[in-house]
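Containing compact mmCIF, C-alpha atoms and all ligand atoms: structure_4.txt.
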```
# COMPACT_ATOMS: atom_id res chain seq x y z
CA MET L 23 2.42 7.72 -33.23
CA MET L 24 1.16 7.77 -36.78
CA GLY L 25 0.39 4.28 -38.03
CA SER L 26 1.40 2.94 -41.40
CA THR L 27 -0.32 1.28 -44.34
CA LYS L 28 1.17 -2.05 -45.38
CA LEU L 29 1.40 -2.61 -49.12
CA SER L 30 1.74 -5.55 -51.45
CA LEU L 31 3.86 -5.41 -54.61
CA GLN L 32 0.64 -5.42 -56.62
CA ASP L 33 -0.94 -2.40 -54.92
CA LYS L 34 -1.46 0.44 -57.37
CA LEU L 35 -0.81 3.96 -56.13
CA PRO L 36 -0.14 7.45 -57.55
CA LEU L 37 3.59 6.72 -57.54
CA THR L 38 4.56 9.05 -60.38
CA CYS L 39 6.60 11.89 -58.88
CA SER L 40 5.57 15.42 -59.86
CA ARG L 41 9.18 16.54 -59.19
CA THR L 42 8.40 19.56 -57.08
CA GLY L 43 11.07 18.56 -54.56
CA THR L 44 8.83 18.95 -51.52
CA CYS L 45 10.13 15.73 -49.99
CA CYS L 46 13.73 16.98 -50.32
CA HIS L 47 12.87 19.45 -47.53
CA GLY L 48 12.79 18.84 -43.78
CA LYS L 49 13.47 15.10 -43.97
CA GLN L 50 15.97 12.74 -42.38
CA VAL L 51 18.04 10.86 -44.91
CA LEU L 52 20.12 8.17 -43.23
CA LEU L 53 23.12 6.52 -44.86
CA ASN L 54 25.06 3.31 -44.70
CA PRO L 55 28.79 3.39 -45.58
CA TRP L 56 28.23 2.07 -49.12
CA GLU L 57 25.61 4.73 -49.80
CA LEU L 58 28.02 7.38 -48.56
CA ALA L 59 30.64 6.08 -51.01
CA CYS L 60 28.07 6.13 -53.86
CA LEU L 61 27.06 9.71 -53.08
CA ALA L 62 30.70 10.80 -52.97
CA ARG L 63 31.40 9.21 -56.36
CA GLU L 64 28.38 10.97 -57.85
CA LYS L 65 29.54 14.30 -56.44
CA LYS L 66 33.13 13.65 -57.58
CA ASN L 67 34.36 13.97 -54.02
CA THR L 68 36.29 11.52 -51.89
CA ALA L 69 34.07 9.86 -49.28
CA ARG L 70 35.85 11.88 -46.60
CA GLU L 71 35.25 15.16 -48.43
CA PHE L 72 31.60 14.31 -48.99
CA ARG L 73 31.14 13.25 -45.36
CA ASP L 74 32.81 16.37 -44.00
CA LEU L 75 30.92 18.74 -46.30
CA TYR L 76 27.46 17.23 -46.40
CA CYS L 77 26.87 14.77 -43.55
CA GLU L 78 26.24 14.72 -39.82
CA TYR L 79 27.14 12.41 -36.98
CA GLY L 80 30.24 11.05 -38.64
CA GLY L 81 28.45 10.28 -41.91
CA ILE L 82 25.24 8.45 -41.02
CA ARG L 83 22.91 11.28 -42.02
CA LEU L 84 22.75 13.84 -44.82
CA ARG L 85 22.73 17.44 -43.69
CA PHE L 86 19.56 19.38 -44.40
CA ASP L 87 21.10 22.82 -44.44
CA GLY L 88 20.05 23.95 -47.93
CA LYS L 89 17.81 26.86 -48.85
CA ILE L 90 14.55 27.18 -46.93
CA GLY L 91 11.67 26.02 -49.10
CA TRP L 92 8.58 23.87 -48.69
CA LYS L 93 6.76 24.62 -45.42
CA GLU L 94 9.67 26.86 -44.30
CA GLN L 95 11.93 23.82 -43.99
CA HIS L 96 15.55 23.52 -45.07
CA ALA L 97 16.36 21.63 -48.24
CA CYS L 98 18.70 18.68 -48.31
CA SER L 99 22.35 19.64 -48.78
CA GLN L 100 22.16 17.94 -52.20
CA TYR L 101 19.08 19.81 -53.42
CA VAL L 102 19.56 22.50 -56.06
CA ASP L 103 16.78 25.03 -56.57
CA ASN L 104 15.02 24.75 -59.95
CA PHE L 105 17.05 21.65 -60.74
CA GLY L 106 16.44 18.99 -58.12
CA CYS L 107 18.76 16.38 -56.67
CA SER L 108 22.41 17.00 -57.58
CA VAL L 109 23.30 13.36 -56.87
CA HIS L 110 20.28 11.74 -58.49
CA LEU L 111 22.08 8.65 -59.83
CA GLY L 112 23.76 8.03 -56.48
CA ARG L 113 20.82 8.87 -54.24
CA PRO L 114 20.39 6.59 -51.24
CA LEU L 115 17.69 3.99 -50.62
CA SER L 116 15.39 6.17 -48.53
CA CYS L 117 15.19 8.72 -51.38
CA ARG L 118 14.58 5.97 -53.93
CA LEU L 119 11.80 4.47 -51.82
CA TYR L 120 10.02 7.67 -50.79
CA PRO L 121 7.05 7.86 -50.20
CA LEU L 122 7.39 4.18 -49.35
CA GLY L 123 9.23 2.67 -46.41
CA ARG L 124 10.71 -0.80 -46.05
CA GLN L 125 10.87 -3.11 -43.06
CA ILE L 126 12.11 -6.63 -42.45
CA GLN L 127 10.01 -8.71 -40.09
CA SER L 128 10.78 -12.39 -39.49
CA GLU L 129 13.14 -12.28 -42.47
CA GLU L 130 10.35 -11.06 -44.76
CA VAL L 131 10.52 -7.69 -46.51
CA HIS L 132 7.48 -5.40 -46.25
CA TYR L 133 6.81 -2.10 -47.94
CA MET L 134 4.50 0.49 -46.48
CA HIS L 135 3.71 4.19 -46.35
CA GLN L 136 3.12 6.31 -43.30
CA GLY L 137 -0.43 7.05 -42.24
CA THR L 138 -3.57 6.05 -44.03
CA GLU L 139 -3.38 8.78 -46.68
CA PHE L 140 -0.78 8.51 -49.46
CA PRO L 141 2.05 10.82 -48.23
CA CYS L 142 2.71 12.65 -51.54
CA LEU L 143 -0.84 14.07 -51.47
CA ASN L 144 0.25 16.30 -48.60
CA GLY L 145 2.79 18.33 -50.58
CA CYS L 146 2.04 17.32 -54.16
CA PRO L 147 -1.73 16.76 -54.54
CA GLU L 148 -1.30 16.88 -58.33
CA VAL L 149 0.11 13.31 -58.25
CA SER L 150 -3.42 11.95 -58.03
CA GLY L 151 -3.84 12.96 -61.70
CA LEU L 152 -0.56 11.32 -62.83
CA PRO L 153 -0.19 7.66 -63.90
CA HIS L 154 -0.61 5.10 -61.15
CA LEU L 155 2.04 2.38 -60.73
CA THR L 156 2.18 -0.84 -58.76
CA VAL L 157 4.62 -0.89 -55.85
CA GLY L 158 6.67 -3.48 -57.77
CA GLU L 159 6.86 -1.26 -60.88
CA TYR L 160 7.87 1.70 -58.74
CA LEU L 161 10.71 -0.17 -57.03
CA LYS L 162 11.98 -1.37 -60.39
CA GLY L 163 11.90 2.14 -61.84
CA GLN L 164 13.79 3.49 -58.85
CA GLU L 165 16.40 0.71 -59.16
CA THR L 166 16.21 -0.09 -55.48
CA ALA L 167 17.47 -3.72 -55.70
CA LYS L 168 21.19 -2.98 -55.25
CA PHE L 169 20.45 -0.51 -52.46
CA GLU L 170 18.20 -2.97 -50.66
CA LYS L 171 20.97 -5.58 -50.83
CA ALA L 172 23.41 -3.08 -49.31
CA GLN L 173 21.00 -2.34 -46.49
CA ASP L 174 20.49 -6.02 -45.71
CA GLU L 175 24.21 -6.80 -45.86
CA TYR L 176 24.99 -3.92 -43.50
CA LEU L 177 22.46 -5.29 -41.00
CA ASP L 178 24.72 -8.36 -40.87
CA VAL L 179 27.80 -6.15 -40.44
CA MET L 180 26.02 -4.41 -37.54
CA GLN L 181 25.36 -7.75 -35.84
CA ASN L 182 28.94 -8.86 -36.45
CA ILE L 183 30.31 -5.71 -34.78
CA ALA L 184 27.96 -6.26 -31.84
CA ASP L 185 29.27 -9.86 -31.67
CA ILE L 186 32.79 -8.49 -31.11
CA ALA L 187 31.41 -6.54 -28.13
CA PHE L 188 29.83 -9.78 -26.86
CA GLU L 189 33.10 -11.69 -27.28
CA LEU L 190 35.03 -9.05 -25.34
CA LEU L 191 32.49 -9.27 -22.52
CA LEU L 192 31.64 -12.97 -22.42
CA ASP L 193 34.67 -14.88 -23.74
CA THR L 194 37.45 -13.10 -21.86
CA GLY L 195 36.46 -13.56 -18.23
CA LEU L 196 35.18 -9.99 -17.94
CA ALA L 197 31.55 -11.01 -17.32
CA GLU L 198 32.69 -13.79 -15.00
CA SER L 199 34.66 -11.28 -12.94
CA GLY L 200 31.30 -9.78 -11.89
CA ASP L 201 31.57 -6.70 -14.15
CA LYS L 202 28.37 -4.64 -14.12
CA GLN L 203 29.54 -1.48 -15.82
CA THR L 204 29.67 -2.78 -19.38
CA LEU L 205 25.96 -3.51 -19.80
CA SER L 206 24.96 -0.30 -18.08
CA LEU L 207 27.08 1.62 -20.60
CA TRP L 208 25.55 -0.33 -23.49
CA ARG L 209 22.18 0.93 -22.25
CA ILE L 210 23.37 4.53 -21.88
CA MET L 211 24.72 4.45 -25.44
CA GLY L 212 21.42 3.10 -26.76
CA ASN L 213 19.75 6.25 -25.47
CA GLU L 214 22.49 8.69 -26.39
CA LEU L 215 22.05 11.44 -28.99
CA PRO L 216 23.83 10.51 -32.23
CA GLU L 217 26.33 13.37 -31.93
CA VAL L 218 27.20 12.33 -28.37
CA LEU L 219 27.64 8.71 -29.39
CA ALA L 220 29.79 9.75 -32.36
CA ASP L 221 32.01 11.76 -29.99
CA ARG L 222 32.25 8.85 -27.60
CA ILE L 223 33.32 6.51 -30.40
CA GLY L 224 35.92 9.00 -31.61
CA PRO L 225 37.31 9.76 -35.09
CA GLU L 226 39.45 6.65 -35.52
CA TRP L 227 36.56 4.17 -35.31
CA ILE L 228 34.02 6.52 -36.87
CA ASP L 229 36.29 6.74 -39.92
CA CYS L 230 36.71 2.96 -40.01
CA LEU L 231 32.94 2.67 -39.90
CA MET L 232 32.00 5.27 -42.49
CA LEU L 233 35.09 5.68 -44.68
CA PRO L 234 36.43 2.18 -45.33
CA GLU L 235 39.36 2.01 -47.74
CA ILE L 236 37.85 -0.34 -50.30
CA SER L 237 38.56 0.24 -53.95
CA GLY L 238 36.74 -0.89 -57.06
CA ASP L 239 33.72 -2.60 -55.51
CA LEU L 240 31.02 0.05 -55.63
CA GLU L 241 28.97 -1.83 -58.23
CA ASP L 242 28.73 -4.80 -55.87
CA PRO L 243 27.43 -3.66 -52.49
CA VAL L 244 27.50 -7.16 -51.02
CA SER L 245 31.21 -7.55 -51.76
CA PHE L 246 31.83 -3.99 -50.48
CA ALA L 247 30.02 -4.65 -47.19
CA ARG L 248 31.76 -8.01 -46.69
CA LYS L 249 35.19 -6.48 -47.28
CA HIS L 250 34.24 -3.73 -44.88
CA ASN L 251 33.19 -6.30 -42.31
CA ASP L 252 36.60 -8.02 -42.66
CA LEU L 253 38.43 -4.71 -42.22
CA LEU L 254 36.49 -3.93 -39.05
CA ARG L 255 37.12 -7.37 -37.58
CA LEU L 256 40.82 -7.21 -38.46
CA LYS L 257 41.18 -3.83 -36.80
CA ALA L 258 39.38 -5.07 -33.67
CA GLN L 259 41.65 -8.13 -33.63
CA GLU L 260 44.78 -5.99 -33.96
CA LYS L 261 43.70 -3.55 -31.27
CA TYR L 262 41.96 -5.84 -28.80
CA GLY L 263 43.38 -9.32 -29.43
CA THR L 264 45.91 -9.06 -26.63
CA LEU L 265 44.10 -7.00 -24.00
CA GLN L 266 44.87 -8.02 -20.44
CA THR L 267 43.01 -6.02 -17.83
CA ASN L 268 39.28 -6.01 -17.18
CA GLN L 269 39.25 -2.23 -17.54
CA GLU L 270 40.72 -2.51 -21.05
CA LEU L 271 38.24 -5.26 -22.00
CA HIS L 272 35.34 -3.23 -20.64
CA GLU L 273 36.37 -0.16 -22.63
CA ALA L 274 36.83 -2.20 -25.80
CA SER L 275 33.43 -3.91 -25.43
CA VAL L 276 31.74 -0.55 -24.89
CA LEU L 277 33.45 0.93 -27.92
CA MET L 278 32.49 -1.94 -30.22
CA MET L 279 28.89 -1.80 -29.03
CA GLY L 280 28.91 1.97 -29.67
CA VAL L 281 30.09 1.38 -33.25
CA ALA L 282 27.33 -1.22 -33.77
CA LEU L 283 24.69 1.18 -32.42
CA GLN L 284 25.92 4.06 -34.58
CA LEU L 285 25.72 1.88 -37.69
CA ALA L 286 22.27 0.72 -36.53
CA ARG L 287 21.03 4.29 -36.49
CA GLY L 288 22.37 4.86 -40.01
CA LEU L 289 20.38 1.80 -41.10
CA GLY L 290 17.17 3.24 -39.66
CA ALA L 291 17.06 0.83 -36.71
CA GLU L 292 16.27 2.09 -33.23
CA PRO L 293 19.41 1.97 -31.06
CA GLU L 294 17.51 1.96 -27.75
CA ILE L 295 15.50 -1.13 -28.73
CA LEU L 296 18.58 -2.90 -30.07
CA ALA L 297 20.62 -2.06 -26.96
CA GLU L 298 17.89 -3.58 -24.77
CA HIS L 299 17.81 -6.68 -26.96
CA TRP L 300 21.59 -7.10 -26.82
CA ILE L 301 21.67 -6.50 -23.03
CA ALA L 302 19.02 -9.21 -22.54
CA THR L 303 21.06 -11.59 -24.73
CA ALA L 304 24.25 -10.91 -22.75
CA LYS L 305 22.39 -11.48 -19.47
CA ASN L 306 21.13 -14.81 -20.79
CA HIS L 307 24.79 -15.73 -21.25
CA GLY L 308 25.76 -14.83 -17.70
CA ALA L 309 26.62 -11.11 -17.88
CA LYS L 310 25.36 -8.89 -15.05
CA GLU L 311 24.11 -5.37 -14.76
S1 LIG R 401 6.29 14.29 -52.29
FE1 LIG R 401 6.01 12.61 -53.79
S2 LIG R 401 5.39 13.59 -55.68
FE2 LIG R 401 6.18 15.20 -54.36
S3 LIG R 401 8.32 15.43 -54.97
FE3 LIG R 401 8.27 13.92 -53.28
S4 LIG R 401 8.08 11.88 -54.23
FE4 LIG R 401 7.61 13.43 -55.78
S1 LIG R 402 19.74 13.11 -51.72
FE1 LIG R 402 18.66 14.02 -53.45
S2 LIG R 402 16.67 12.97 -53.49
FE2 LIG R 402 17.55 12.61 -51.47
S3 LIG R 402 16.69 14.23 -50.15
FE3 LIG R 402 18.68 14.94 -50.95
S4 LIG R 402 18.20 16.12 -52.79
FE4 LIG R 402 16.38 14.87 -52.29
```
Do you think you could lay out the structure here as structure tokens?
Ligand code: SF4
Ligand code: SF4
Amino acid sequence: MMGSTKLSLQDKLPLTCSRTGTCCHGKQVLLNPWELACLAREKKNTAREFRDLYCEYGGIRLRFDGKIGWKEQHACSQYVDNFGCSVHLGRPLSCRLYPLGRQIQSEEVHYMHQGTEFPCLNGCPEVSGLPHLTVGEYLKGQETAKFEKAQDEYLDVMQNIADIAFELLLDTGLAESGDKQTLSLWRIMGNELPEVLADRIGPEWIDCLMLPEISGDLEDPVSFARKHNDLLRLKAQEKYGTLQTNQELHEASVLMMGVALQLARGLGAEPEILAEHWIATAKNHGAKE
């Protein structure tokens, strides 16, 4: 696997884009629900229309089905030839950061780029002659702050949805009954292709995950994500608060874990690693596999 180069906010790099659009071809652009809503607003679509027209896997990834361009790769569905990004003001975090990436380790944020060579030099070598910027200046210019907050808040939502799966397994007597199927399905889902997992979750919960009915809060991603979190918990409470049989509890726990893993993928996390982590946690609390 290609390594990465860690950066400090003071590092100076050729971070002035030459606007050739090479990086809008053949990439994976993942989305959280707030980013999907922002893109839809920019495109003057409803979130559902935007999702159905331009996204994959229930809304966690932009389609790259545009015209073939750089290195014979398809352009992003939002890329317009000789113009550029059609949703520039609403573009998601990964587009704002590129060619940088962002990671949180031990609650600290790190920025990096892939490989040892600056990635833009691959498709746009002319950037080396354009003004250099510090990483901090670049992030400010790209107005990433709000989008980074959304990302971080949705990591909490992801954990909260996983916690519902834990509650359904550990606090209901299901784990105590000797159930072994639930954890083995959590593992299967962690390794499932995103389209298979989206099918397993089904349209009702996929829509709750990616198309929350929240009005008026798009300027405040933290409030949006928290309201979304409340909606998800309320729905789970309504649907699963009175379940009786172990089979029903098992199915509900699997479904909630599937929703958490689908959101995880949209946040750029690795579902297989998270599933293993959550399985180990459940085992530490008495669940079996
Ligand atoms: S590869 Fe870099 S310089 Fe080229 S279009 Fe993308 S961000 Fe701009
Ligand atoms: S959303 Fe815009 S900036 Fe991002 S890949 Fe698509 S066209 Fe490029």
Cys230 of chain L environment, 9 Å, all atoms listed in the file, sequence neighbours closer than 6 positions dropped, as a PyMOL selection string: chain L and resi 250+253-254+257
Show me a table, sorted first by chain and then by increasing residue number, of the residues of chain L having an atom at most 10 Å from ligand LIG 402 (chain R), each with its shortest atom pair and the distance in Å to one decimal, counting all atoms listed in the file and written as CSV.
```
residue,atom,partner,partner_atom,distance
L:Gly43,CA,R:LIG402,FE4,6.9
L:Thr44,CA,R:LIG402,FE4,8.6
L:Cys45,CA,R:LIG402,FE4,6.7
L:Cys46,CA,R:LIG402,FE4,3.9
L:His47,CA,R:LIG402,S3,7.0
L:Gly48,CA,R:LIG402,S3,8.8
L:Lys49,CA,R:LIG402,S3,7.0
L:Gln50,CA,R:LIG402,S3,7.9
L:Val51,CA,R:LIG402,S3,6.4
L:Leu52,CA,R:LIG402,FE2,9.7
L:Leu61,CA,R:LIG402,S1,8.2
L:Leu84,CA,R:LIG402,FE3,7.4
L:Arg85,CA,R:LIG402,FE3,8.7
L:Phe86,CA,R:LIG402,FE3,8.0
L:Gly88,CA,R:LIG402,S4,9.4
L:Ala97,CA,R:LIG402,S4,7.4
L:Cys98,CA,R:LIG402,FE3,4.6
L:Ser99,CA,R:LIG402,FE3,6.3
L:Gln100,CA,R:LIG402,S4,4.4
L:Tyr101,CA,R:LIG402,S4,3.8
L:Val102,CA,R:LIG402,S4,7.3
L:Asp103,CA,R:LIG402,S4,9.8
L:Phe105,CA,R:LIG402,S4,9.8
L:Gly106,CA,R:LIG402,S4,6.3
L:Cys107,CA,R:LIG402,S4,3.9
L:Ser108,CA,R:LIG402,FE1,6.3
L:Val109,CA,R:LIG402,FE1,5.8
L:His110,CA,R:LIG402,FE1,5.8
L:Leu111,CA,R:LIG402,FE1,9.0
L:Gly112,CA,R:LIG402,S1,8.0
L:Arg113,CA,R:LIG402,S1,5.0
L:Pro114,CA,R:LIG402,S1,6.6
L:Leu115,CA,R:LIG402,FE2,8.7
L:Ser116,CA,R:LIG402,FE2,7.4
L:Cys117,CA,R:LIG402,FE2,4.6
L:Arg118,CA,R:LIG402,S2,7.3
L:Leu119,CA,R:LIG402,S2,9.9
L:Tyr120,CA,R:LIG402,S2,8.9
```
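Atom CA of Leu155 of chain L to atom CA of Glu170 of chain L spans 19.8 Å [interatomic distance, one decimal].
Restricting the atom set to only C-alpha atoms and all ligand atoms, one finds that the residues within 8 Å of ligand LIG 401 (chain R) amount to L:Leu37, L:Thr38, L:Cys39, L:Ser40, L:Arg41, L:Thr42, L:Gly43, L:Thr44, L:Cys45, L:Cys46, L:Tyr120, L:Pro121, L:Pro141, L:Cys142, L:Leu143, L:Asn144, L:Gly145, L:Cys146, L:Pro147, L:Glu148, L:Val149.
Of note, atom CA of Gly123 of chain L and atom CA of Gln136 of chain L are spaced 7.8 Å apart.
Coordinates place atom CA of Thr166 of chain L at a distance of 13.8 Å from atom CA of His132 of chain L.
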Shell around His135 of chain L at 9 Å using all atoms listed in the file, local window under 2 positions removed, as a VMD selection string: chain L and resid 25 to 29 120 to 124 133 137 to 141
Residue neighbourhood segment 282-289 of chain L, 6 Å, all atoms listed in the file, exclusion window fewer than 2 positions, as an NGL selection string: :L and (52-54 or 82 or 180 or 183-184 or 279-280 or 291 or 293)
For segment 71-73 of chain L: contacts at 9 Å, only C-alpha atoms, fewer than 3 positions along chain excluded, given as a ChimeraX atom specification: /L:58-59,61-63,65-68,76-78,80-82,84,232-233
Expected residue set, 6 Å radius at (30.0, -2.7, -42.6), only C-alpha atoms, as a PyMOL selection string: chain L and resi 176+179+247+250-251
